[in-house]
file query-v3.cif (mmCIF, C-alpha atoms)
data_start
#
loop_
_atom_site.group_PDB
_atom_site.id
_atom_site.type_symbol
_atom_site.label_atom_id
_atom_site.label_comp_id
_atom_site.auth_asym_id
_atom_site.auth_seq_id
_atom_site.Cartn_x
_atom_site.Cartn_y
_atom_site.Cartn_z
ATOM 1 C CA MET W 253 128.530 108.929 123.517
ATOM 2 C CA GLU W 254 127.434 109.825 119.978
ATOM 3 C CA ASN W 255 128.628 106.396 118.809
ATOM 4 C CA ARG W 256 126.738 104.575 121.539
ATOM 5 C CA LYS W 257 123.561 106.516 120.736
ATOM 6 C CA THR W 258 123.854 105.601 117.038
ATOM 7 C CA GLN W 259 124.360 101.922 117.874
ATOM 8 C CA THR W 260 121.324 101.959 120.155
ATOM 9 C CA THR W 261 119.199 103.575 117.443
ATOM 10 C CA ASP W 262 120.393 100.999 114.910
ATOM 11 C CA ILE W 263 118.978 98.090 116.904
ATOM 12 C CA MET W 264 115.582 99.774 117.405
ATOM 13 C CA ASP W 265 112.547 98.791 115.356
ATOM 14 C CA PHE W 266 111.000 101.428 113.099
ATOM 15 C CA ASN W 267 108.224 102.302 115.566
ATOM 16 C CA GLU W 268 110.779 102.966 118.322
ATOM 17 C CA LYS W 269 112.990 105.034 116.012
ATOM 18 C CA LEU W 270 110.058 107.178 114.910
ATOM 19 C CA GLN W 271 108.985 107.765 118.484
ATOM 20 C CA GLU W 272 112.558 108.653 119.489
ATOM 21 C CA LEU W 273 112.975 111.084 116.577
ATOM 22 C CA ARG W 274 109.674 112.763 117.387
ATOM 23 C CA LYS W 275 110.560 113.188 121.055
ATOM 24 C CA GLN W 276 113.998 114.568 120.191
ATOM 25 C CA ARG W 277 112.235 117.328 118.252
ATOM 26 C CA GLY W 278 109.826 117.895 121.143
ATOM 27 C CA LEU W 279 106.793 117.166 118.969
ATOM 28 C CA THR W 280 103.443 115.699 119.868
ATOM 29 C CA GLN W 281 101.861 113.084 117.594
ATOM 30 C CA GLU W 282 99.425 115.735 116.354
ATOM 31 C CA GLU W 283 102.249 118.134 115.440
ATOM 32 C CA LEU W 284 104.187 115.437 113.597
ATOM 33 C CA ALA W 285 101.015 114.378 111.777
ATOM 34 C CA GLU W 286 100.479 117.963 110.583
ATOM 35 C CA ALA W 287 104.106 118.214 109.417
ATOM 36 C CA LEU W 288 103.816 114.973 107.419
ATOM 37 C CA TYR W 289 100.256 115.661 106.157
ATOM 38 C CA VAL W 290 98.862 112.459 107.671
ATOM 39 C CA SER W 291 96.370 111.770 110.444
ATOM 40 C CA ARG W 292 97.305 111.512 114.115
ATOM 41 C CA THR W 293 95.850 107.982 113.998
ATOM 42 C CA ALA W 294 98.463 107.061 111.393
ATOM 43 C CA ILE W 295 101.311 108.303 113.610
ATOM 44 C CA SER W 296 99.854 106.425 116.584
ATOM 45 C CA LYS W 297 99.589 103.235 114.528
ATOM 46 C CA TRP W 298 103.185 103.502 113.278
ATOM 47 C CA GLU W 299 104.598 104.236 116.737
ATOM 48 C CA SER W 300 102.719 101.346 118.332
ATOM 49 C CA GLY W 301 104.094 98.918 115.749
ATOM 50 C CA ARG W 302 100.677 98.149 114.256
ATOM 51 C CA GLY W 303 101.699 99.135 110.740
ATOM 52 C CA PHE W 304 104.171 100.900 108.511
ATOM 53 C CA PRO W 305 103.892 104.080 106.423
ATOM 54 C CA ASN W 306 103.674 103.774 102.654
ATOM 55 C CA ILE W 307 106.639 104.667 100.473
ATOM 56 C CA GLU W 308 105.587 108.321 100.077
ATOM 57 C CA SER W 309 105.098 108.835 103.820
ATOM 58 C CA LEU W 310 108.402 107.099 104.471
ATOM 59 C CA LYS W 311 110.188 109.535 102.138
ATOM 60 C CA ALA W 312 108.491 112.438 103.949
ATOM 61 C CA ILE W 313 109.658 111.118 107.337
ATOM 62 C CA SER W 314 113.188 110.650 106.007
ATOM 63 C CA LYS W 315 113.278 114.199 104.637
ATOM 64 C CA TYR W 316 111.677 115.798 107.701
ATOM 65 C CA PHE W 317 114.117 114.240 110.181
ATOM 66 C CA SER W 318 117.110 114.375 107.784
ATOM 67 C CA VAL W 319 117.814 110.665 108.107
ATOM 68 C CA SER W 320 118.175 108.036 105.398
ATOM 69 C CA ILE W 321 115.560 105.344 104.861
ATOM 70 C CA ASP W 322 118.247 102.758 105.668
ATOM 71 C CA GLU W 323 118.631 104.361 109.095
ATOM 72 C CA LEU W 324 114.885 104.194 109.683
ATOM 73 C CA LEU W 325 114.286 100.612 108.585
ATOM 74 C CA SER W 326 115.873 97.207 108.802
ATOM 75 C CA GLY W 327 116.047 95.037 105.679
ATOM 76 C CA GLU W 328 113.088 92.978 106.882
ATOM 77 C CA GLU W 329 111.007 96.098 107.512
ATOM 78 C CA ILE W 330 111.783 97.400 104.007
ATOM 79 C CA LEU W 331 110.514 94.097 102.548
ATOM 80 C CA THR W 332 107.373 94.349 104.709
ATOM 81 C CA ILE W 333 106.661 97.891 103.472
ATOM 82 C CA ALA W 334 107.255 96.878 99.837
ATOM 83 C CA ASP W 335 104.848 93.958 100.290
ATOM 84 C CA GLU W 336 102.201 96.184 101.904
ATOM 85 C CA ASP W 337 102.639 98.739 99.132
ATOM 86 C CA ASN W 338 102.049 96.055 96.485
ATOM 87 C CA LYS W 339 98.927 94.879 98.305
ATOM 88 C CA GLN W 340 97.664 98.458 98.504
ATOM 89 C CA ARG W 341 98.220 98.947 94.765
ATOM 90 C CA GLU W 342 96.387 95.712 94.012
ATOM 91 C CA LYS W 343 93.481 96.825 96.215
ATOM 92 C CA HIS W 344 93.242 100.171 94.414
ATOM 93 C CA ILE W 345 93.257 98.422 91.017
ATOM 94 C CA LYS W 346 90.500 96.049 92.162
ATOM 95 C CA ASP W 347 88.476 98.953 93.564
ATOM 96 C CA LEU W 348 88.895 100.839 90.291
ATOM 97 C CA VAL W 349 87.849 97.888 88.110
ATOM 98 C CA PHE W 350 84.929 96.822 90.329
ATOM 99 C CA GLY W 351 83.748 100.417 90.684
ATOM 100 C CA LEU W 352 83.920 101.220 86.963
ATOM 101 C CA LEU W 353 82.226 97.956 85.964
ATOM 102 C CA ASP W 354 79.359 98.579 88.377
ATOM 103 C CA CYS W 355 79.029 102.249 87.366
ATOM 104 C CA SER W 356 78.964 101.266 83.680
ATOM 105 C CA LEU W 357 75.511 99.738 84.227
ATOM 106 C CA ILE W 358 74.222 103.270 83.762
ATOM 107 C CA MET W 359 74.264 102.364 80.054
ATOM 108 C CA PHE W 360 71.253 100.100 80.730
ATOM 109 C CA LEU W 361 69.178 103.240 81.216
ATOM 110 C CA PHE W 362 69.985 104.591 77.752
ATOM 111 C CA LEU W 363 71.128 101.776 75.426
ATOM 112 C CA PRO W 364 68.674 99.382 73.685
ATOM 113 C CA LEU W 365 69.445 96.267 75.709
ATOM 114 C CA PHE W 366 65.909 95.243 76.664
ATOM 115 C CA GLY W 367 63.391 93.386 74.526
ATOM 116 C CA GLN W 368 59.931 94.931 74.266
ATOM 117 C CA ARG W 369 57.121 92.962 72.649
ATOM 118 C CA GLY W 370 54.509 94.776 70.571
ATOM 119 C CA ASN W 371 52.452 94.116 67.414
ATOM 120 C CA GLY W 372 53.915 90.651 67.096
ATOM 121 C CA ILE W 373 57.541 91.835 67.050
ATOM 122 C CA ILE W 374 60.271 92.296 69.641
ATOM 123 C CA LYS W 375 61.934 95.699 69.646
ATOM 124 C CA GLU W 376 65.116 96.536 71.529
ATOM 125 C CA VAL W 377 64.775 99.560 73.824
ATOM 126 C CA SER W 378 66.554 101.128 76.788
ATOM 127 C CA LEU W 379 65.365 100.561 80.342
ATOM 128 C CA LEU W 380 63.962 104.099 80.479
ATOM 129 C CA SER W 381 61.962 103.459 77.305
ATOM 130 C CA LEU W 382 60.755 100.007 78.329
ATOM 131 C CA THR W 383 56.944 99.885 78.434
ATOM 132 C CA GLY W 384 54.218 97.299 78.270
ATOM 133 C CA ILE W 385 55.540 95.117 81.093
ATOM 134 C CA ALA W 386 54.136 94.613 84.551
ATOM 135 C CA PRO W 387 55.385 96.975 87.282
ATOM 136 C CA TYR W 388 56.419 94.001 89.448
ATOM 137 C CA ILE W 389 58.968 93.171 86.712
ATOM 138 C CA LYS W 390 60.050 96.668 85.694
ATOM 139 C CA ILE W 391 60.560 97.965 89.236
ATOM 140 C CA PRO W 392 63.059 95.183 90.143
ATOM 141 C CA TYR W 393 64.944 96.024 86.919
ATOM 142 C CA PHE W 394 65.382 99.612 88.077
ATOM 143 C CA ILE W 395 66.231 98.566 91.639
ATOM 144 C CA ILE W 396 68.946 96.129 90.505
ATOM 145 C CA VAL W 397 70.531 98.573 88.048
ATOM 146 C CA ILE W 398 70.471 101.564 90.414
ATOM 147 C CA VAL W 399 71.777 99.583 93.420
ATOM 148 C CA ILE W 400 74.673 98.183 91.348
ATOM 149 C CA ILE W 401 75.519 101.686 90.088
ATOM 150 C CA LEU W 402 75.463 103.032 93.664
ATOM 151 C CA MET W 403 77.727 100.166 94.724
ATOM 152 C CA GLY W 404 80.168 101.207 92.020
ATOM 153 C CA VAL W 405 80.094 104.837 93.162
ATOM 154 C CA LEU W 406 80.736 103.782 96.776
ATOM 155 C CA THR W 407 83.603 101.488 95.738
ATOM 156 C CA LEU W 408 85.311 104.351 93.901
ATOM 157 C CA ALA W 409 84.572 106.935 96.593
ATOM 158 C CA LEU W 410 85.639 104.799 99.578
ATOM 159 C CA GLN W 411 88.943 103.456 98.256
ATOM 160 C CA ASN W 412 90.731 104.685 101.387
ATOM 161 C CA CYS W 413 88.064 103.532 103.826
ATOM 162 C CA GLU W 414 89.560 101.152 106.414
ATOM 163 C CA SER W 415 86.311 99.934 107.962
ATOM 164 C CA SER W 416 86.784 96.193 108.495
ATOM 165 C CA PHE W 417 83.234 95.398 107.320
ATOM 166 C CA TRP W 418 83.669 97.416 104.105
ATOM 167 C CA VAL W 419 87.129 96.003 103.337
ATOM 168 C CA GLN W 420 86.021 92.397 103.913
ATOM 169 C CA HIS W 421 82.648 92.500 102.167
ATOM 170 C CA LYS W 422 82.652 95.112 99.367
ATOM 171 C CA TYR W 423 83.740 92.693 96.625
ATOM 172 C CA LYS W 424 81.336 90.005 97.852
ATOM 173 C CA ILE W 425 78.452 92.504 97.800
ATOM 174 C CA SER W 426 79.372 93.649 94.289
ATOM 175 C CA ILE W 427 79.574 90.066 92.999
ATOM 176 C CA GLY W 428 76.344 89.116 94.779
ATOM 177 C CA LEU W 429 74.455 92.032 93.209
ATOM 178 C CA SER W 430 75.797 91.161 89.750
ATOM 179 C CA ALA W 431 74.828 87.502 90.198
ATOM 180 C CA ALA W 432 71.317 88.561 91.257
ATOM 181 C CA GLY W 433 71.092 90.765 88.157
ATOM 182 C CA VAL W 434 72.084 87.899 85.850
ATOM 183 C CA ILE W 435 69.467 85.605 87.417
ATOM 184 C CA VAL W 436 66.647 88.173 87.264
ATOM 185 C CA PHE W 437 67.329 89.153 83.646
ATOM 186 C CA MET W 438 67.661 85.517 82.559
ATOM 187 C CA ILE W 439 64.426 84.475 84.275
ATOM 188 C CA THR W 440 62.543 87.388 82.680
ATOM 189 C CA LEU W 441 64.037 86.651 79.228
ATOM 190 C CA GLN W 442 66.257 89.696 78.834
ATOM 191 C CA PRO W 443 69.334 87.977 77.308
ATOM 192 C CA TYR W 444 71.314 91.099 76.322
ATOM 193 C CA ALA W 445 71.119 92.629 79.796
ATOM 194 C CA ALA W 446 71.931 89.264 81.394
ATOM 195 C CA PHE W 447 74.899 88.767 79.039
ATOM 196 C CA PHE W 448 76.485 92.137 79.832
ATOM 197 C CA ILE W 449 76.188 91.674 83.583
ATOM 198 C CA PHE W 450 77.519 88.120 83.256
ATOM 199 C CA VAL W 451 80.615 89.400 81.407
ATOM 200 C CA PHE W 452 81.217 91.975 84.164
ATOM 201 C CA LEU W 453 80.701 89.242 86.782
ATOM 202 C CA ALA W 454 83.264 87.008 85.040
ATOM 203 C CA ILE W 455 85.837 89.835 84.988
ATOM 204 C CA LYS W 456 85.350 90.412 88.722
ATOM 205 C CA GLY W 457 85.696 86.702 89.444
ATOM 206 C CA LEU W 458 88.897 86.411 87.407
ATOM 207 C CA MET W 459 90.399 89.402 89.221
ATOM 208 C CA LEU W 460 89.687 87.913 92.633
ATOM 209 C CA ILE W 461 91.167 84.550 91.562
ATOM 210 C CA LYS W 462 94.267 86.259 90.155
ATOM 211 C CA TRP W 463 94.953 88.173 93.385
ATOM 212 C CA GLN W 464 93.769 85.500 95.796
#
call {"tool": "encode", "arguments": {"input": "query-v3.cif", "output": "structure tokens"}}
result
Amino acid sequence: MENRKTQTTDIMDFNEKLQELRKQRGLTQEELAEALYVSRTAISKWESGRGFPNIESLKAISKYFSVSIDELLSGEEILTIADEDNKQREKHIKDLVFGLLDCSLIMFLFLPLFGQRGNGIIKEVSLLSLTGIAPYIKIPYFIIVIVIILMGVLTLALQNCESSFWVQHKYKISIGLSAAGVIVFMITLQPYAAFFIFVFLAIKGLMLIKWQ
């Protein structure tokens, strides 16, 4: 009987094995989620076959139920988890780079990257010190810089957000804002500011091409 049960378990997919192990312990999805320090939604997703746990969660499951990872997963499932783990790492690296690049625009507020004309000369000043230009030019400068910084903060803060809109569009929004910044600063003859944002834009573009 023991042998037959083992053979049956061996031919199950991971989601079926997890569900079977949970029921053998008499646990609800909520109770198992608390034991593994994950959300109930995660357990539901794994048991319905809509995804796999990451390597750390897989180790926790293996330890909690005293079974080996080989018993939990087939060779194909192990490859799938490894692939998903790599994709997740790549996403976190992209989020980190995009977020830090966008947040670094805070330097525009304090570093002398803007040209200010006065007494026949052009002096380099920070955005906060920039005077003598029309409000309809200065205000868009502040709006662009602050919005890009906020985008960077959101990218860093929402690395684990799984909203489909956010996942699909965050990099496009970041690149679009940077492109708008380059255009505005070039049109208004602020070459240093335009150059820095263009460099950041190029880095973002290269990262997306690399991990396409």
call {"tool": "closest_residue", "arguments": {"input": "query-v3.cif", "among": "W:Ser300, W:Gln411, W:Ser416, W:Ser378", "to": "Tyr444 (chain W)", "atoms": "all atoms listed in the file"}}
result
W:Ser378
call {"tool": "closest_atom_pairs", "arguments": {"input": "query-v3.cif", "of": "region 310-399 of chain W", "to": "region 418-427 of chain W", "cutoff": "10 Å", "atoms": "all atoms listed in the file", "output": "CSV"}}
result
residue,atom,partner,partner_atom,distance
W:Lys343,CA,W:Val419,CA,9.6
W:Lys346,CA,W:Tyr423,CA,8.8
W:Asp347,CA,W:Tyr423,CA,8.4
W:Phe350,CA,W:Ser426,CA,7.5
W:Gly351,CA,W:Ser426,CA,8.8
W:Leu353,CA,W:Ser426,CA,9.8
W:Asp354,CA,W:Ser426,CA,7.7
W:Val399,CA,W:Ser426,CA,9.7
call {"tool": "residues_around", "arguments": {"input": "query-v3.cif", "residues": "Leu357 (chain W)", "least_positions_apart": "3", "cutoff": "9 Å", "atoms": "only C-alpha atoms", "output": "JSON list (two decimals) with C-alpha atoms, in the frame of the given file"}}
result
[["chain", "number", "residue", "atom", "x", "y", "z"],
["W", 352, "LEU", "CA", 83.92, 101.22, 86.96],
["W", 353, "LEU", "CA", 82.23, 97.96, 85.96],
["W", 354, "ASP", "CA", 79.36, 98.58, 88.38],
["W", 360, "PHE", "CA", 71.25, 100.10, 80.73],
["W", 361, "LEU", "CA", 69.18, 103.24, 81.22],
["W", 397, "VAL", "CA", 70.53, 98.57, 88.05],
["W", 398, "ILE", "CA", 70.47, 101.56, 90.41],
["W", 400, "ILE", "CA", 74.67, 98.18, 91.35],
["W", 401, "ILE", "CA", 75.52, 101.69, 90.09],
["W", 448, "PHE", "CA", 76.48, 92.14, 79.83],
["W", 449, "ILE", "CA", 76.19, 91.67, 83.58]]
call {"tool": "atom_distance", "arguments": {"input": "query-v3.cif", "atom1": "CA of Ile373 (chain W)", "atom2": "CA of Pro443 (chain W)"}}
result
16.1 Å
call {"tool": "resolve_selection", "arguments": {"input": "query-v3.cif", "expression": "the PyMOL selection byres ((chain W and resi 287-291) around 12)", "output": "VMD selection string"}}
result
chain W and resid 274 279 to 286 292 to 298 305 to 306 308 to 317
call {"tool": "write_last_selection", "arguments": {"input": "query-v3.cif", "atoms": "C-alpha atoms", "output": "short mmCIF file (atom, residue, chain, number, x, y, z; two decimals), keeping the file's coordinate frame"}}
result
data_model
loop_
_atom_site.label_atom_id
_atom_site.label_comp_id
_atom_site.auth_asym_id
_atom_site.auth_seq_id
_atom_site.Cartn_x
_atom_site.Cartn_y
_atom_site.Cartn_z
CA ARG W 274 109.67 112.76 117.39
CA LEU W 279 106.79 117.17 118.97
CA THR W 280 103.44 115.70 119.87
CA GLN W 281 101.86 113.08 117.59
CA GLU W 282 99.42 115.74 116.35
CA GLU W 283 102.25 118.13 115.44
CA LEU W 284 104.19 115.44 113.60
CA ALA W 285 101.02 114.38 111.78
CA GLU W 286 100.48 117.96 110.58
CA ARG W 292 97.30 111.51 114.12
CA THR W 293 95.85 107.98 114.00
CA ALA W 294 98.46 107.06 111.39
CA ILE W 295 101.31 108.30 113.61
CA SER W 296 99.85 106.42 116.58
CA LYS W 297 99.59 103.24 114.53
CA TRP W 298 103.18 103.50 113.28
CA PRO W 305 103.89 104.08 106.42
CA ASN W 306 103.67 103.77 102.65
CA GLU W 308 105.59 108.32 100.08
CA SER W 309 105.10 108.84 103.82
CA LEU W 310 108.40 107.10 104.47
CA LYS W 311 110.19 109.54 102.14
CA ALA W 312 108.49 112.44 103.95
CA ILE W 313 109.66 111.12 107.34
CA SER W 314 113.19 110.65 106.01
CA LYS W 315 113.28 114.20 104.64
CA TYR W 316 111.68 115.80 107.70
CA PHE W 317 114.12 114.24 110.18
#
call {"tool": "resolve_selection", "arguments": {"input": "query-v3.cif", "expression": "the PyMOL selection byres ((chain W and resi 409) around 12)", "output": "NGL selection string"}}
result
:W and (344 or 347-348 or 350-352 or 355 or 402-408 or 410-413)
call {"tool": "write_last_selection", "arguments": {"input": "query-v3.cif", "atoms": "C-alpha atoms", "output": "PDB file, in the coordinates of the input"}}
result
ATOM      1  CA  HIS W 344      93.242 100.171  94.414  1.00  0.00           C
ATOM      2  CA  ASP W 347      88.476  98.953  93.564  1.00  0.00           C
ATOM      3  CA  LEU W 348      88.895 100.839  90.291  1.00  0.00           C
ATOM      4  CA  PHE W 350      84.929  96.822  90.329  1.00  0.00           C
ATOM      5  CA  GLY W 351      83.748 100.417  90.684  1.00  0.00           C
ATOM      6  CA  LEU W 352      83.920 101.220  86.963  1.00  0.00           C
ATOM      7  CA  CYS W 355      79.029 102.249  87.366  1.00  0.00           C
ATOM      8  CA  LEU W 402      75.463 103.032  93.664  1.00  0.00           C
ATOM      9  CA  MET W 403      77.727 100.166  94.724  1.00  0.00           C
ATOM     10  CA  GLY W 404      80.168 101.207  92.020  1.00  0.00           C
ATOM     11  CA  VAL W 405      80.094 104.837  93.162  1.00  0.00           C
ATOM     12  CA  LEU W 406      80.736 103.782  96.776  1.00  0.00           C
ATOM     13  CA  THR W 407      83.603 101.488  95.738  1.00  0.00           C
ATOM     14  CA  LEU W 408      85.311 104.351  93.901  1.00  0.00           C
ATOM     15  CA  LEU W 410      85.639 104.799  99.578  1.00  0.00           C
ATOM     16  CA  GLN W 411      88.943 103.456  98.256  1.00  0.00           C
ATOM     17  CA  ASN W 412      90.731 104.685 101.387  1.00  0.00           C
ATOM     18  CA  CYS W 413      88.064 103.532 103.826  1.00  0.00           C
TER      19      CYS W 413
END
call {"tool": "resolve_selection", "arguments": {"input": "query-v3.cif", "expression": "the PyMOL selection byres ((chain W and resi 365) around 7)", "output": "number ranges by chain"}}
result
W: 360, 363-364, 366-367, 376-378, 444-445
call {"tool": "residues_around", "arguments": {"input": "query-v3.cif", "residues": "region 336-339 of chain W", "least_positions_apart": "5", "cutoff": "10 Å", "atoms": "all atoms listed in the file", "output": "PyMOL selection string"}}
result
chain W and resi 303-307+330-331+344-345+463
call {"tool": "atom_distance", "arguments": {"input": "query-v3.cif", "atom1": "CA of Ile374 (chain W)", "atom2": "CA of Pro392 (chain W)"}}
result
20.9 Å
call {"tool": "closest_residue", "arguments": {"input": "query-v3.cif", "among": "W:Leu379, W:Leu460, W:Met264, W:Val434", "to": "Val349 (chain W)", "atoms": "all atoms listed in the file"}}
result
W:Leu460
call {"tool": "closest_residue", "arguments": {"input": "query-v3.cif", "among": "W:Ser356, W:Ser415, W:Gln442, W:Gln271", "to": "Gln368 (chain W)", "atoms": "only C-alpha atoms"}}
result
W:Gln442
call {"tool": "atom_distance", "arguments": {"input": "query-v3.cif", "atom1": "CA of Leu324 (chain W)", "atom2": "CA of Asn267 (chain W)"}}
result
9.1 Å
call {"tool": "decode", "arguments": {"input": "query-v3.cif", "residues": "region 297-310 of chain W", "atoms": "N, CA, C and O atoms", "output": "PDB file, in the first residue's frame"}}
result
ATOM      1  N   LYS W 297      -2.477  29.887  -5.917  1.00  0.00           N
ATOM      2  CA  LYS W 297      -1.912  29.904  -7.268  1.00  0.00           C
ATOM      3  C   LYS W 297      -1.090  28.644  -7.528  1.00  0.00           C
ATOM      4  O   LYS W 297      -1.198  28.026  -8.586  1.00  0.00           O
ATOM      5  N   TRP W 298      -0.282  28.243  -6.540  1.00  0.00           N
ATOM      6  CA  TRP W 298       0.550  27.042  -6.716  1.00  0.00           C
ATOM      7  C   TRP W 298      -0.311  25.789  -6.843  1.00  0.00           C
ATOM      8  O   TRP W 298      -0.042  24.934  -7.675  1.00  0.00           O
ATOM      9  N   GLU W 299      -1.353  25.700  -6.012  1.00  0.00           N
ATOM     10  CA  GLU W 299      -2.189  24.488  -6.020  1.00  0.00           C
ATOM     11  C   GLU W 299      -3.078  24.401  -7.262  1.00  0.00           C
ATOM     12  O   GLU W 299      -3.505  23.313  -7.638  1.00  0.00           O
ATOM     13  N   SER W 300      -3.350  25.529  -7.876  1.00  0.00           N
ATOM     14  CA  SER W 300      -4.185  25.505  -9.087  1.00  0.00           C
ATOM     15  C   SER W 300      -3.340  25.354 -10.351  1.00  0.00           C
ATOM     16  O   SER W 300      -3.880  25.335 -11.461  1.00  0.00           O
ATOM     17  N   GLY W 301      -2.020  25.268 -10.170  1.00  0.00           N
ATOM     18  CA  GLY W 301      -1.138  25.065 -11.318  1.00  0.00           C
ATOM     19  C   GLY W 301      -0.885  26.309 -12.129  1.00  0.00           C
ATOM     20  O   GLY W 301      -0.433  26.252 -13.272  1.00  0.00           O
ATOM     21  N   ARG W 302      -1.152  27.487 -11.535  1.00  0.00           N
ATOM     22  CA  ARG W 302      -0.957  28.751 -12.256  1.00  0.00           C
ATOM     23  C   ARG W 302       0.423  29.356 -12.017  1.00  0.00           C
ATOM     24  O   ARG W 302       0.697  30.471 -12.440  1.00  0.00           O
ATOM     25  N   GLY W 303       1.280  28.630 -11.335  1.00  0.00           N
ATOM     26  CA  GLY W 303       2.623  29.147 -11.072  1.00  0.00           C
ATOM     27  C   GLY W 303       3.365  28.240 -10.115  1.00  0.00           C
ATOM     28  O   GLY W 303       2.795  27.296  -9.555  1.00  0.00           O
ATOM     29  N   PHE W 304       4.647  28.542  -9.960  1.00  0.00           N
ATOM     30  CA  PHE W 304       5.493  27.761  -9.063  1.00  0.00           C
ATOM     31  C   PHE W 304       6.097  28.677  -8.006  1.00  0.00           C
ATOM     32  O   PHE W 304       6.303  29.879  -8.255  1.00  0.00           O
ATOM     33  N   PRO W 305       6.440  28.135  -6.842  1.00  0.00           N
ATOM     34  CA  PRO W 305       7.140  28.944  -5.833  1.00  0.00           C
ATOM     35  C   PRO W 305       8.570  29.224  -6.290  1.00  0.00           C
ATOM     36  O   PRO W 305       9.110  28.504  -7.137  1.00  0.00           O
ATOM     37  N   ASN W 306       9.170  30.288  -5.709  1.00  0.00           N
ATOM     38  CA  ASN W 306      10.578  30.522  -6.010  1.00  0.00           C
ATOM     39  C   ASN W 306      11.434  29.528  -5.233  1.00  0.00           C
ATOM     40  O   ASN W 306      10.929  28.730  -4.455  1.00  0.00           O
ATOM     41  N   ILE W 307      12.731  29.600  -5.449  1.00  0.00           N
ATOM     42  CA  ILE W 307      13.636  28.619  -4.839  1.00  0.00           C
ATOM     43  C   ILE W 307      13.532  28.625  -3.317  1.00  0.00           C
ATOM     44  O   ILE W 307      13.500  27.570  -2.666  1.00  0.00           O
ATOM     45  N   GLU W 308      13.461  29.822  -2.717  1.00  0.00           N
ATOM     46  CA  GLU W 308      13.400  29.917  -1.251  1.00  0.00           C
ATOM     47  C   GLU W 308      12.112  29.296  -0.706  1.00  0.00           C
ATOM     48  O   GLU W 308      12.129  28.571   0.289  1.00  0.00           O
ATOM     49  N   SER W 309      10.993  29.597  -1.356  1.00  0.00           N
ATOM     50  CA  SER W 309       9.715  29.014  -0.912  1.00  0.00           C
ATOM     51  C   SER W 309       9.709  27.507  -1.109  1.00  0.00           C
ATOM     52  O   SER W 309       9.150  26.762  -0.296  1.00  0.00           O
ATOM     53  N   LEU W 310      10.345  27.056  -2.180  1.00  0.00           N
ATOM     54  CA  LEU W 310      10.424  25.623  -2.448  1.00  0.00           C
ATOM     55  C   LEU W 310      11.214  24.909  -1.348  1.00  0.00           C
ATOM     56  O   LEU W 310      10.823  23.828  -0.881  1.00  0.00           O
TER      57      LEU W 310
END
